[in-house]
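Asks: Pasting entry06.csv below, which is CSV, C-alpha atoms (C1' of nucleotides).
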```
chain,number,residue,atom,x,y,z
A,1,MET,CA,-24.0,-9.8,33.7
A,2,LEU,CA,-25.2,-10.0,30.1
A,3,GLN,CA,-28.4,-8.4,31.1
A,4,HIS,CA,-27.0,-5.0,30.2
A,5,ASP,CA,-26.6,-6.1,26.6
A,6,PHE,CA,-30.0,-7.6,26.3
A,7,ASN,CA,-31.4,-4.2,26.8
A,8,ARG,CA,-29.6,-3.1,23.7
A,9,MET,CA,-31.5,-5.8,21.7
A,10,ARG,CA,-34.9,-5.1,23.1
A,11,THR,CA,-37.3,-3.1,20.9
A,12,ALA,CA,-40.3,-1.2,22.1
A,13,GLY,CA,-43.1,-3.5,23.1
A,14,ASP,CA,-40.7,-6.4,23.4
A,15,ASP,CA,-40.2,-6.2,27.2
A,16,LYS,CA,-41.7,-9.6,28.0
A,17,THR,CA,-39.0,-11.4,25.9
A,18,ALA,CA,-36.1,-10.0,27.9
A,19,ARG,CA,-36.0,-12.5,30.7
A,20,GLY,CA,-32.5,-13.8,30.7
A,21,PRO,CA,-29.9,-15.8,28.8
A,22,ALA,CA,-32.3,-18.5,27.8
A,23,CYS,CA,-34.3,-16.0,25.7
A,24,VAL,CA,-31.4,-14.7,23.6
A,25,PRO,CA,-31.9,-17.2,20.7
A,26,ARG,CA,-35.6,-16.2,20.6
A,27,MET,CA,-34.7,-12.5,20.6
A,28,ILE,CA,-32.1,-12.8,17.9
A,29,GLY,CA,-34.7,-14.7,15.8
A,30,GLU,CA,-37.2,-11.9,16.4
A,31,LYS,CA,-34.6,-9.3,15.5
A,32,LEU,CA,-33.9,-11.1,12.2
A,33,ARG,CA,-37.5,-11.5,11.4
A,34,LYS,CA,-38.2,-7.9,12.0
A,35,ALA,CA,-35.4,-7.0,9.6
A,36,GLY,CA,-37.0,-9.3,6.9
A,37,LEU,CA,-34.5,-12.1,7.2
A,38,ARG,CA,-35.4,-15.7,7.9
A,39,PRO,CA,-34.0,-16.9,11.2
A,40,THR,CA,-31.8,-19.7,9.8
A,41,ARG,CA,-29.4,-21.7,11.9
A,42,GLN,CA,-26.3,-19.8,10.6
A,43,ARG,CA,-27.9,-16.4,10.9
A,44,LEU,CA,-29.0,-17.1,14.5
A,45,ALA,CA,-25.5,-18.3,15.3
A,46,LEU,CA,-23.8,-15.3,13.9
A,47,GLY,CA,-26.5,-13.0,15.3
A,48,TRP,CA,-25.7,-14.4,18.7
A,49,LEU,CA,-22.0,-13.7,18.3
A,50,LEU,CA,-22.7,-10.2,16.9
A,51,PHE,CA,-25.5,-8.9,19.0
A,52,GLY,CA,-25.1,-10.9,22.2
A,53,LYS,CA,-22.1,-9.0,23.6
A,54,GLY,CA,-22.6,-5.3,23.2
A,55,ASP,CA,-21.0,-3.2,20.5
A,56,ARG,CA,-18.5,-4.9,18.4
A,57,HIS,CA,-16.1,-4.1,15.5
A,58,LEU,CA,-15.1,-7.0,13.4
A,59,THR,CA,-14.1,-8.3,10.0
A,60,ALA,CA,-15.4,-11.4,8.2
A,61,GLU,CA,-12.2,-13.2,9.3
A,62,THR,CA,-12.6,-12.4,12.9
A,63,LEU,CA,-16.2,-13.4,13.0
A,64,HIS,CA,-15.5,-16.7,11.2
A,65,ALA,CA,-12.7,-17.4,13.7
A,66,GLU,CA,-15.1,-16.9,16.5
A,67,ALA,CA,-17.7,-19.1,14.9
A,68,SER,CA,-15.2,-21.8,14.5
A,69,ALA,CA,-14.0,-21.5,18.1
A,70,ALA,CA,-17.7,-21.9,19.1
A,71,ARG,CA,-18.0,-25.1,17.1
A,72,MET,CA,-20.4,-23.4,14.7
A,73,ASN,CA,-19.5,-25.1,11.4
A,74,MET,CA,-19.9,-22.6,8.7
A,75,SER,CA,-17.9,-21.6,5.6
A,76,LEU,CA,-16.3,-18.2,5.4
A,77,ALA,CA,-18.5,-17.5,2.4
A,78,THR,CA,-21.5,-17.8,4.6
A,79,VAL,CA,-20.1,-15.3,7.0
A,80,TYR,CA,-19.5,-12.9,4.2
A,81,ASN,CA,-22.9,-13.3,2.8
A,82,THR,CA,-24.5,-13.0,6.2
A,83,LEU,CA,-22.6,-9.8,7.0
A,84,HIS,CA,-23.8,-8.4,3.7
A,85,GLN,CA,-27.4,-9.4,4.4
A,86,PHE,CA,-27.3,-7.9,7.9
A,87,THR,CA,-25.8,-4.7,6.6
A,88,GLU,CA,-28.4,-4.4,3.9
A,89,ALA,CA,-31.1,-5.0,6.5
A,90,GLY,CA,-29.7,-2.2,8.7
A,91,LEU,CA,-28.5,-4.5,11.5
A,92,LEU,CA,-24.8,-3.7,10.8
A,93,ARG,CA,-22.9,-0.8,9.5
A,94,GLU,CA,-19.9,-1.1,7.2
A,95,VAL,CA,-17.0,1.1,8.2
A,96,ALA,CA,-14.8,2.9,5.7
A,97,LEU,CA,-11.2,2.0,6.4
A,98,PHE,CA,-7.8,1.5,4.8
A,99,GLY,CA,-6.6,-1.8,3.6
A,100,SER,CA,-8.1,-4.7,2.0
A,101,LYS,CA,-10.4,-5.8,4.8
A,102,ALA,CA,-14.0,-4.7,5.3
A,103,TRP,CA,-15.0,-3.9,8.9
A,104,TYR,CA,-18.4,-4.1,10.4
A,105,ASP,CA,-19.8,-2.3,13.4
A,106,THR,CA,-22.8,-3.5,15.4
A,107,ASN,CA,-23.5,0.1,16.4
A,108,THR,CA,-25.5,1.5,13.5
A,109,GLY,CA,-26.2,4.9,15.0
A,110,PRO,CA,-24.2,8.0,14.0
A,111,HIS,CA,-20.8,7.9,15.5
A,112,TYR,CA,-17.1,8.1,14.5
A,113,HIS,CA,-14.1,5.8,14.9
A,114,TYR,CA,-10.6,5.6,16.2
A,115,TYR,CA,-8.3,3.2,14.4
A,116,ILE,CA,-5.0,2.1,15.7
A,117,GLU,CA,-3.0,0.9,12.8
A,118,GLU,CA,-0.3,-0.9,14.7
A,119,LYS,CA,-2.8,-3.1,16.5
A,120,ASP,CA,-5.4,-3.2,13.6
A,121,GLU,CA,-7.9,-2.2,16.2
A,122,LEU,CA,-11.1,-0.2,15.6
A,123,PHE,CA,-13.3,1.3,18.2
A,124,ASP,CA,-16.0,4.0,18.7
A,125,ILE,CA,-15.2,7.4,19.7
A,126,PRO,CA,-17.1,7.8,23.0
A,127,ASP,CA,-20.1,10.1,22.7
A,128,ALA,CA,-18.6,12.4,25.2
A,129,MET,CA,-15.7,13.1,22.9
A,130,LEU,CA,-17.7,13.3,19.7
A,131,PRO,CA,-16.1,15.6,17.2
A,132,GLN,CA,-18.1,18.5,15.8
A,133,LEU,CA,-18.5,18.2,12.1
A,134,ASN,CA,-20.2,20.9,10.1
A,135,LEU,CA,-21.2,19.4,6.8
A,136,PRO,CA,-20.8,21.5,3.7
A,137,ALA,CA,-23.7,21.9,1.3
A,138,SER,CA,-23.9,18.9,-1.0
A,139,PRO,CA,-23.3,19.3,-4.7
A,140,GLU,CA,-26.3,19.9,-7.0
A,141,GLY,CA,-28.7,17.1,-7.2
A,142,MET,CA,-27.0,15.0,-4.5
A,143,ILE,CA,-27.8,14.2,-0.9
A,144,VAL,CA,-25.6,12.9,1.9
A,145,ALA,CA,-26.0,9.2,2.2
A,146,GLY,CA,-23.6,8.9,5.1
A,147,VAL,CA,-20.6,10.3,6.8
A,148,ASP,CA,-17.5,8.4,7.9
A,149,VAL,CA,-14.9,9.8,10.1
A,150,ILE,CA,-11.8,7.9,11.1
A,151,ILE,CA,-9.2,9.2,13.4
A,152,ARG,CA,-6.1,7.3,13.0
A,153,LEU,CA,-4.1,7.0,16.2
A,154,LYS,CA,-0.5,6.0,16.9
A,155,LYS,CA,1.5,5.6,20.1
A,156,VAL,CA,3.4,8.7,21.1
A,157,ALA,CA,6.9,8.2,19.8
A,158,GLU,CA,9.6,7.0,22.3
A,159,LEU,CA,12.7,9.2,22.4
B,1,MET,CA,-2.6,24.7,-20.5
B,2,LEU,CA,-0.7,22.2,-18.4
B,3,GLN,CA,1.3,25.1,-17.0
B,4,HIS,CA,-1.1,25.4,-14.1
B,5,ASP,CA,-0.3,21.9,-12.9
B,6,PHE,CA,3.5,22.3,-13.2
B,7,ASN,CA,3.1,24.9,-10.5
B,8,ARG,CA,1.8,22.3,-8.2
B,9,MET,CA,4.9,20.2,-8.7
B,10,ARG,CA,7.3,23.1,-8.3
B,11,THR,CA,9.1,23.3,-4.9
B,12,ALA,CA,10.7,26.4,-3.5
B,13,GLY,CA,13.9,27.2,-5.3
B,14,ASP,CA,12.9,25.1,-8.3
B,15,ASP,CA,11.6,27.9,-10.5
B,16,LYS,CA,14.2,27.5,-13.3
B,17,THR,CA,12.9,24.0,-14.1
B,18,ALA,CA,9.3,25.0,-14.8
B,19,ARG,CA,9.6,25.9,-18.5
B,20,GLY,CA,7.1,23.8,-20.3
B,21,PRO,CA,6.0,20.3,-21.3
B,22,ALA,CA,9.4,19.3,-22.4
B,23,CYS,CA,10.7,19.6,-18.9
B,24,VAL,CA,8.1,17.3,-17.3
B,25,PRO,CA,10.1,14.1,-17.3
B,26,ARG,CA,13.1,15.9,-15.7
B,27,MET,CA,10.8,17.4,-13.1
B,28,ILE,CA,9.2,14.1,-12.2
B,29,GLY,CA,12.7,12.7,-11.9
B,30,GLU,CA,13.7,15.5,-9.6
B,31,LYS,CA,10.5,15.0,-7.6
B,32,LEU,CA,11.3,11.3,-7.2
B,33,ARG,CA,14.9,11.9,-6.3
B,34,LYS,CA,13.9,14.4,-3.7
B,35,ALA,CA,11.6,11.9,-2.2
B,36,GLY,CA,14.5,9.4,-2.0
B,37,LEU,CA,13.3,7.2,-4.8
B,38,ARG,CA,15.4,6.4,-7.8
B,39,PRO,CA,13.9,7.6,-11.0
B,40,THR,CA,13.4,4.4,-12.8
B,41,ARG,CA,11.6,4.1,-16.1
B,42,GLN,CA,8.4,2.7,-14.5
B,43,ARG,CA,8.4,5.3,-11.8
B,44,LEU,CA,8.9,8.1,-14.2
B,45,ALA,CA,6.1,6.8,-16.4
B,46,LEU,CA,3.7,6.4,-13.5
B,47,GLY,CA,4.8,9.7,-12.0
B,48,TRP,CA,4.0,11.3,-15.3
B,49,LEU,CA,0.5,9.9,-15.2
B,50,LEU,CA,0.0,10.7,-11.6
B,51,PHE,CA,1.5,14.2,-11.3
B,52,GLY,CA,1.2,15.5,-14.8
B,53,LYS,CA,-2.5,16.3,-14.8
B,54,GLY,CA,-3.5,18.0,-11.6
B,55,ASP,CA,-5.2,16.3,-8.7
B,56,ARG,CA,-6.2,12.8,-9.2
B,57,HIS,CA,-8.0,10.0,-7.3
B,58,LEU,CA,-7.3,6.5,-8.5
B,59,THR,CA,-6.9,2.9,-7.7
B,60,ALA,CA,-4.2,0.5,-8.8
B,61,GLU,CA,-6.5,-0.9,-11.4
B,62,THR,CA,-7.3,2.5,-12.9
B,63,LEU,CA,-3.7,3.5,-13.0
B,64,HIS,CA,-2.6,0.3,-14.6
B,65,ALA,CA,-5.3,0.7,-17.2
B,66,GLU,CA,-4.0,4.1,-18.0
B,67,ALA,CA,-0.5,2.9,-18.2
B,68,SER,CA,-1.6,0.2,-20.6
B,69,ALA,CA,-3.5,2.6,-22.8
B,70,ALA,CA,-0.4,4.7,-22.9
B,71,ARG,CA,1.7,1.7,-24.1
B,72,MET,CA,3.7,1.6,-20.9
B,73,ASN,CA,4.2,-2.0,-20.5
B,74,MET,CA,4.1,-2.8,-16.8
B,75,SER,CA,2.7,-5.4,-14.6
B,76,LEU,CA,-0.1,-4.6,-12.2
B,77,ALA,CA,2.2,-5.7,-9.3
B,78,THR,CA,4.6,-2.9,-10.3
B,79,VAL,CA,1.8,-0.4,-10.1
B,80,TYR,CA,0.9,-1.6,-6.6
B,81,ASN,CA,4.5,-1.5,-5.5
B,82,THR,CA,5.1,1.9,-6.9
B,83,LEU,CA,1.9,3.3,-5.3
B,84,HIS,CA,3.1,2.0,-2.0
B,85,GLN,CA,6.5,3.5,-2.5
B,86,PHE,CA,5.1,6.9,-3.5
B,87,THR,CA,2.8,6.8,-0.5
B,88,GLU,CA,5.6,5.9,1.8
B,89,ALA,CA,7.6,8.8,0.4
B,90,GLY,CA,4.8,11.2,1.0
B,91,LEU,CA,4.0,11.8,-2.7
B,92,LEU,CA,0.6,10.2,-2.5
B,93,ARG,CA,-2.0,9.7,0.2
B,94,GLU,CA,-4.1,6.6,0.7
B,95,VAL,CA,-7.7,7.2,1.2
B,96,ALA,CA,-9.8,5.2,3.7
B,97,LEU,CA,-12.8,3.9,1.8
B,98,PHE,CA,-15.3,1.0,1.7
B,99,GLY,CA,-14.8,-2.0,-0.3
B,100,SER,CA,-11.9,-4.0,-1.3
B,101,LYS,CA,-10.0,-1.5,-3.4
B,102,ALA,CA,-7.4,1.0,-2.1
B,103,TRP,CA,-7.7,4.5,-3.4
B,104,TYR,CA,-4.8,7.0,-3.8
B,105,ASP,CA,-4.9,10.7,-3.9
B,106,THR,CA,-2.3,13.0,-5.4
B,107,ASN,CA,-3.3,15.7,-3.1
B,108,THR,CA,-1.4,15.0,0.1
B,109,GLY,CA,-2.6,18.1,2.0
B,110,PRO,CA,-5.3,18.0,4.6
B,111,HIS,CA,-8.7,17.8,3.0
B,112,TYR,CA,-11.7,15.6,2.9
B,113,HIS,CA,-13.6,13.6,0.3
B,114,TYR,CA,-16.9,13.1,-1.4
B,115,TYR,CA,-17.7,9.6,-2.6
B,116,ILE,CA,-20.4,8.6,-5.0
B,117,GLU,CA,-21.1,5.0,-4.5
B,118,GLU,CA,-23.2,4.5,-7.7
B,119,LYS,CA,-20.4,5.8,-9.9
B,120,ASP,CA,-17.5,4.6,-7.8
B,121,GLU,CA,-16.2,8.1,-8.0
B,122,LEU,CA,-14.1,9.9,-5.4
B,123,PHE,CA,-13.2,13.6,-5.3
B,124,ASP,CA,-12.0,16.3,-3.0
B,125,ILE,CA,-14.4,18.5,-1.1
B,126,PRO,CA,-13.5,22.0,-2.3
B,127,ASP,CA,-11.6,24.1,0.2
B,128,ALA,CA,-14.5,26.6,0.3
B,129,MET,CA,-16.8,23.9,1.6
B,130,LEU,CA,-14.4,22.4,4.0
B,131,PRO,CA,-16.3,20.9,7.0
B,132,GLN,CA,-15.3,22.1,10.4
B,133,LEU,CA,-14.1,19.2,12.5
B,134,ASN,CA,-13.3,19.6,16.1
B,135,LEU,CA,-11.1,16.8,17.2
B,136,PRO,CA,-11.7,15.2,20.6
B,137,ALA,CA,-8.8,14.7,22.9
B,138,SER,CA,-6.8,11.6,22.0
B,139,PRO,CA,-6.8,8.6,24.4
B,140,GLU,CA,-4.0,8.4,26.9
B,141,GLY,CA,-0.6,7.8,25.3
B,142,MET,CA,-1.8,8.2,21.7
B,143,ILE,CA,-1.5,10.9,19.2
B,144,VAL,CA,-3.5,11.5,16.0
B,145,ALA,CA,-1.7,10.1,13.0
B,146,GLY,CA,-4.3,11.3,10.5
B,147,VAL,CA,-7.9,12.0,10.0
B,148,ASP,CA,-10.1,10.7,7.2
B,149,VAL,CA,-13.5,12.1,6.4
B,150,ILE,CA,-15.7,10.6,3.7
B,151,ILE,CA,-19.0,12.1,2.8
B,152,ARG,CA,-21.0,9.5,0.9
B,153,LEU,CA,-23.3,11.1,-1.7
B,154,LYS,CA,-26.2,9.7,-3.6
B,155,LYS,CA,-28.5,11.2,-6.2
B,156,VAL,CA,-31.7,12.7,-4.8
B,157,ALA,CA,-34.4,10.0,-5.0
B,158,GLU,CA,-36.8,10.2,-8.0
B,159,LEU,CA,-40.4,10.2,-7.0
C,1,DA,C1',32.7,-4.5,-10.5
C,2,DT,C1',29.2,-4.7,-6.9
C,3,DA,C1',26.1,-3.7,-3.3
C,4,DG,C1',21.8,-2.4,-3.1
C,5,DT,C1',17.4,-1.8,-5.5
C,6,DT,C1',13.8,-2.8,-8.6
C,7,DG,C1',10.1,-5.2,-11.3
C,8,DC,C1',7.4,-9.0,-12.0
C,9,DA,C1',5.8,-14.0,-11.8
C,10,DA,C1',3.8,-16.5,-8.7
C,11,DA,C1',1.6,-17.0,-4.1
C,12,DA,C1',-1.4,-15.3,-0.7
C,13,DG,C1',-5.3,-13.1,0.8
C,14,DT,C1',-10.1,-11.4,0.4
C,15,DT,C1',-14.7,-11.4,-1.7
C,16,DT,C1',-18.3,-12.9,-4.9
C,17,DT,C1',-21.1,-16.1,-7.5
C,18,DG,C1',-23.7,-20.2,-9.2
C,19,DC,C1',-26.1,-23.9,-8.1
C,20,DA,C1',-27.3,-28.1,-5.3
C,21,DT,C1',-29.6,-28.3,-1.1
C,22,DT,C1',-32.6,-26.9,2.4
C,23,DG,C1',-36.5,-24.9,4.5
C,24,DT,C1',-41.2,-22.8,4.2
C,25,DA,C1',-45.9,-22.3,3.0
D,1,DT,C1',-45.6,-30.7,-3.5
D,2,DA,C1',-43.8,-26.7,-5.3
D,3,DC,C1',-41.3,-22.8,-4.9
D,4,DA,C1',-38.2,-19.5,-3.1
D,5,DA,C1',-34.2,-18.8,-0.3
D,6,DT,C1',-29.9,-20.4,1.6
D,7,DG,C1',-25.1,-22.1,2.3
D,8,DC,C1',-21.0,-23.3,0.4
D,9,DA,C1',-17.4,-24.9,-3.2
D,10,DA,C1',-15.2,-23.0,-6.6
D,11,DA,C1',-14.1,-18.9,-9.2
D,12,DA,C1',-12.9,-14.1,-9.3
D,13,DC,C1',-10.7,-10.3,-7.8
D,14,DT,C1',-7.1,-7.7,-5.1
D,15,DT,C1',-2.7,-7.4,-2.9
D,16,DT,C1',1.9,-9.0,-1.3
D,17,DT,C1',6.3,-11.5,-1.7
D,18,DG,C1',10.7,-13.6,-3.2
D,19,DC,C1',14.0,-13.6,-6.3
D,20,DA,C1',16.3,-12.8,-11.0
D,21,DA,C1',17.7,-8.8,-13.4
D,22,DC,C1',19.0,-4.3,-13.4
D,23,DT,C1',21.2,0.4,-11.7
D,24,DA,C1',24.0,3.9,-9.9
D,25,DT,C1',27.9,4.5,-7.9
```
Please rewrite the model in this file as C-alpha cells.

Replies:
Amino acid sequence: MLQHDFNRMRTAGDDKTARGPACVPRMIGEKLRKAGLRPTRQRLALGWLLFGKGDRHLTAETLHAEASAARMNMSLATVYNTLHQFTEAGLLREVALFGSKAWYDTNTGPHYHYYIEEKDELFDIPDAMLPQLNLPASPEGMIVAGVDVIIRLKKVAEL
Amino acid sequence: MLQHDFNRMRTAGDDKTARGPACVPRMIGEKLRKAGLRPTRQRLALGWLLFGKGDRHLTAETLHAEASAARMNMSLATVYNTLHQFTEAGLLREVALFGSKAWYDTNTGPHYHYYIEEKDELFDIPDAMLPQLNLPASPEGMIVAGVDVIIRLKKVAEL
DNA sequence: ATAGTTGCAAAAGTTTTGCATTGTA
DNA sequence: TACAATGCAAAACTTTTGCAACTAT
C-alpha cells in the first residue's frame, strides 16, 4: 500500500534499499545524509511524516500537530528549524501564499498550485491541467530564481 | 508633476475634481466614500500616502514608517486595519508572497509581479512583458477567484 | 442625541535566535 | 576529548481583537 510512495523516495542506484516498511527509516536517513543533513532523531521523525506518504502540503503548525499526535515530542521551534533546513537542502519547497503562515510542499519539481481560501487548503494542479506560462524576458542583470503560480478557487456561488 | 497620478484616481464623470494638488484630499475622500468607507482622518492620511504617488507596493510596516515620517500619528494596528478595509473595498490588492509579511499593491487590475528576494523588493511586471498564462479548467464546483503569479529574480551570479 | 463605526491597547499568533546540550569523529 | 551541530526556551516580530471614544446623521 505504501509501496507506491517508497518509489518516490528511491534514488538511482538505491534499489536494494526499497524492500518495505521496515526500510523507511533507513531510507529517510540516506535521503538526509545525501542532502548534507545529519540524520538526527527529530529529522528522521519529521522526514518520516513528510516523505513517507506521498506529496504533501503543510505548515509548521500542521506538521507539529502531526508529530504530537504521533507521540514525537518536539518543540514547534524545532519543526520550524527543520523545515528551513529541509528547504535549504532542496528537500522541500516553500510556497508563496497569502496570509501569515508559510506553506511547504514536498513536491520540489516545477508545478503550480490551487488554493481554496475557505478551507485553507493547498494542492498541486495536476500535470494534465498545467497552465501554459510564457515567461517575459528578465530585467537587465537578473535571472529567474523561481516562479510561483497560485490559482485561488472558491465555491460557485449559491443563488 | 503629480498630475499624471491624479488621472489614475479619477473615475468616469469625475473630471471637474482633477484640478491640482490642492484637490487631492477631497479626491481621496471621494474615493473612500465611493468605496463605502467613511473618510476619517487616518484613512485620508493613509489614502494620501497610498494613492497620491502612483503605483505602490508596500507592507504594513513600510506604510506605518512613512506615516510616522510624515508626522501622522497612528498606531500600527490602525495601519493594518485600514489596509484590510481598503482591500475589502477593492482599493488595494493583497499579493501572495513568501515569508511572514503581507504585501499590498495599489494596482488592483490584473497583472503579475517580480520579486527580488535579496532586496525584499516587489514590483509589477510591465504590461509589455506580461506572461501568457492559460488557465486550466477549474475543478468541479469551483471557480477561479484570482490568480497570483510571482517571478522571483536574483542577480546573475558573479564568477 | 444616538446608533453605528473607528482607532488603538492589549492579546494572540507566527517565526527566529542564543545557548546549554547532544552527538560525532 | 574536543569540537561542531542541534533542539528548544525565550525573545522578537507580525497580525487580530475588544472596547472606549468618536462621527455622521

Asks: Counting only C-alpha atoms (C1' of nucleotides), which residues in chain C sit no more than 9 Å from segment 2-12 of chain D? For each one, give the nearest pair of atoms and the distance in Å, sorted by chain then residue number, as a Markdown table.

Replies:
```
| residue | atom | partner | partner_atom | distance |
| --- | --- | --- | --- | --- |
| C:DT15 | C1' | D:DA12 | C1' | 8.3 |
| C:DT16 | C1' | D:DA12 | C1' | 7.1 |
| C:DT17 | C1' | D:DA11 | C1' | 7.7 |
| C:DT21 | C1' | D:DT6 | C1' | 8.4 |
| C:DT22 | C1' | D:DT6 | C1' | 7.1 |
| C:DG23 | C1' | D:DA5 | C1' | 8.1 |
| C:DT24 | C1' | D:DA4 | C1' | 8.6 |
```

Asks: Taking C-alpha atoms (C1' of nucleotides) for each residue, export the selection above as an mmCIF file, in the frame of the given file.

Replies:
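That gives us result.cif:
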```cif
data_model
loop_
_atom_site.group_PDB
_atom_site.id
_atom_site.type_symbol
_atom_site.label_atom_id
_atom_site.label_comp_id
_atom_site.auth_asym_id
_atom_site.auth_seq_id
_atom_site.Cartn_x
_atom_site.Cartn_y
_atom_site.Cartn_z
ATOM 1 C "C1'" DT C 15 -14.700 -11.400 -1.700
ATOM 2 C "C1'" DT C 16 -18.300 -12.900 -4.900
ATOM 3 C "C1'" DT C 17 -21.100 -16.100 -7.500
ATOM 4 C "C1'" DT C 21 -29.600 -28.300 -1.100
ATOM 5 C "C1'" DT C 22 -32.600 -26.900 2.400
ATOM 6 C "C1'" DG C 23 -36.500 -24.900 4.500
ATOM 7 C "C1'" DT C 24 -41.200 -22.800 4.200
#
```

Asks: For chain B, work out the contacting residues on chain D at 12 Å, counting only C-alpha atoms (C1' of nucleotides), and write them as a list in words.

Replies: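 Residues passing the distance filter: DC13, DT14, DT15, DT16, DT17, DC22, DT23 and DA24 of chain D.
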
Asks: Restricting the calculation to all atoms listed in the file: of C:DA1, C:DG7, C:DG13, C:DA20, which residue gets closest to Met74 of chain B?

Replies: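 Looking at the shortest contact to Met74 of chain B, the residue is C:DG7.
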
Asks: Can you pull out every residue within 8 Å of Leu46 of chain A, counting only C-alpha atoms (C1' of nucleotides), but drop anything in the same chain fewer than 6 positions away, and send it as a ChimeraX atom specification?

Replies: /A:63,67,79

Asks: With all atoms listed in the file as the basis for distance, which of A:Leu58, A:Ala96, A:Val147, A:Ala157 is at the shortest distance from Asp120 of chain A?

Replies: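 Among A:Leu58, A:Ala96, A:Val147, A:Ala157, it is A:Leu58 that comes nearest to Asp120 of chain A.
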
Asks: Select, as a ChimeraX atom specification, those residues of chain A with any atom no more than 12 Å from chain B (distances computed using only C-alpha atoms).

Replies: /A:84,93-104,112-118,123-158

Asks: Using all atoms listed in the file and a distance of at most 10 Å, pull out the residues of chain C that contact chain B, as a PyMOL selection string.

Replies: chain C and resi 5-9+14-15

Asks: What is the distance, in Å and to one decimal place, between atom CA of Phe51 of chain B and atom CA of Thr106 of chain B?

Replies: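 Calculated distance between atom CA of Phe51 of chain B and atom CA of Thr106 of chain B is 7.1 Å.
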
Asks: Go ahead and compute the interatomic distance for atom CA of Thr108 of chain B and atom CA of Pro39 of chain B, in Å to one decimal.

Replies: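 Pair atom CA of Thr108 of chain B / atom CA of Pro39 of chain B returns 20.3 Å.
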
Asks: Interatomic distance between atom CA of Ala35 of chain B and atom CA of Thr87 of chain B?

Replies: 10.3 Å

Asks: Would you mind writing segment 77-92 of chain A with N, CA and C atoms, as a CSV table (one decimal), in the frame of the given file?

Replies:
```csv
chain,number,residue,atom,x,y,z
A,77,ALA,N,-17.6,-18.1,3.4
A,77,ALA,CA,-18.5,-17.5,2.4
A,77,ALA,C,-19.8,-17.1,3.0
A,78,THR,N,-20.3,-18.0,3.9
A,78,THR,CA,-21.5,-17.8,4.6
A,78,THR,C,-21.4,-16.6,5.5
A,79,VAL,N,-20.3,-16.5,6.1
A,79,VAL,CA,-20.1,-15.3,7.0
A,79,VAL,C,-20.1,-14.1,6.2
A,80,TYR,N,-19.4,-14.1,5.1
A,80,TYR,CA,-19.5,-12.9,4.2
A,80,TYR,C,-20.9,-12.6,3.8
A,81,ASN,N,-21.6,-13.6,3.3
A,81,ASN,CA,-22.9,-13.3,2.8
A,81,ASN,C,-23.8,-12.8,3.9
A,82,THR,N,-23.7,-13.4,5.1
A,82,THR,CA,-24.5,-13.0,6.2
A,82,THR,C,-24.2,-11.6,6.6
A,83,LEU,N,-23.0,-11.2,6.6
A,83,LEU,CA,-22.6,-9.8,7.0
A,83,LEU,C,-23.2,-8.9,6.0
A,84,HIS,N,-23.2,-9.2,4.7
A,84,HIS,CA,-23.8,-8.4,3.7
A,84,HIS,C,-25.3,-8.2,4.0
A,85,GLN,N,-26.0,-9.4,4.2
A,85,GLN,CA,-27.4,-9.4,4.4
A,85,GLN,C,-27.7,-8.5,5.6
A,86,PHE,N,-27.0,-8.7,6.7
A,86,PHE,CA,-27.3,-7.9,7.9
A,86,PHE,C,-27.1,-6.5,7.7
A,87,THR,N,-26.1,-6.1,6.9
A,87,THR,CA,-25.8,-4.7,6.6
A,87,THR,C,-26.9,-4.1,5.8
A,88,GLU,N,-27.3,-4.9,4.7
A,88,GLU,CA,-28.4,-4.4,3.9
A,88,GLU,C,-29.7,-4.2,4.7
A,89,ALA,N,-29.9,-5.1,5.7
A,89,ALA,CA,-31.1,-5.0,6.5
A,89,ALA,C,-31.0,-3.9,7.6
A,90,GLY,N,-29.8,-3.3,7.7
A,90,GLY,CA,-29.7,-2.2,8.7
A,90,GLY,C,-29.3,-2.7,10.1
A,91,LEU,N,-28.9,-3.9,10.2
A,91,LEU,CA,-28.5,-4.5,11.5
A,91,LEU,C,-27.0,-4.2,11.8
A,92,LEU,N,-26.3,-4.0,10.7
A,92,LEU,CA,-24.8,-3.7,10.8
A,92,LEU,C,-24.5,-2.5,10.0
```
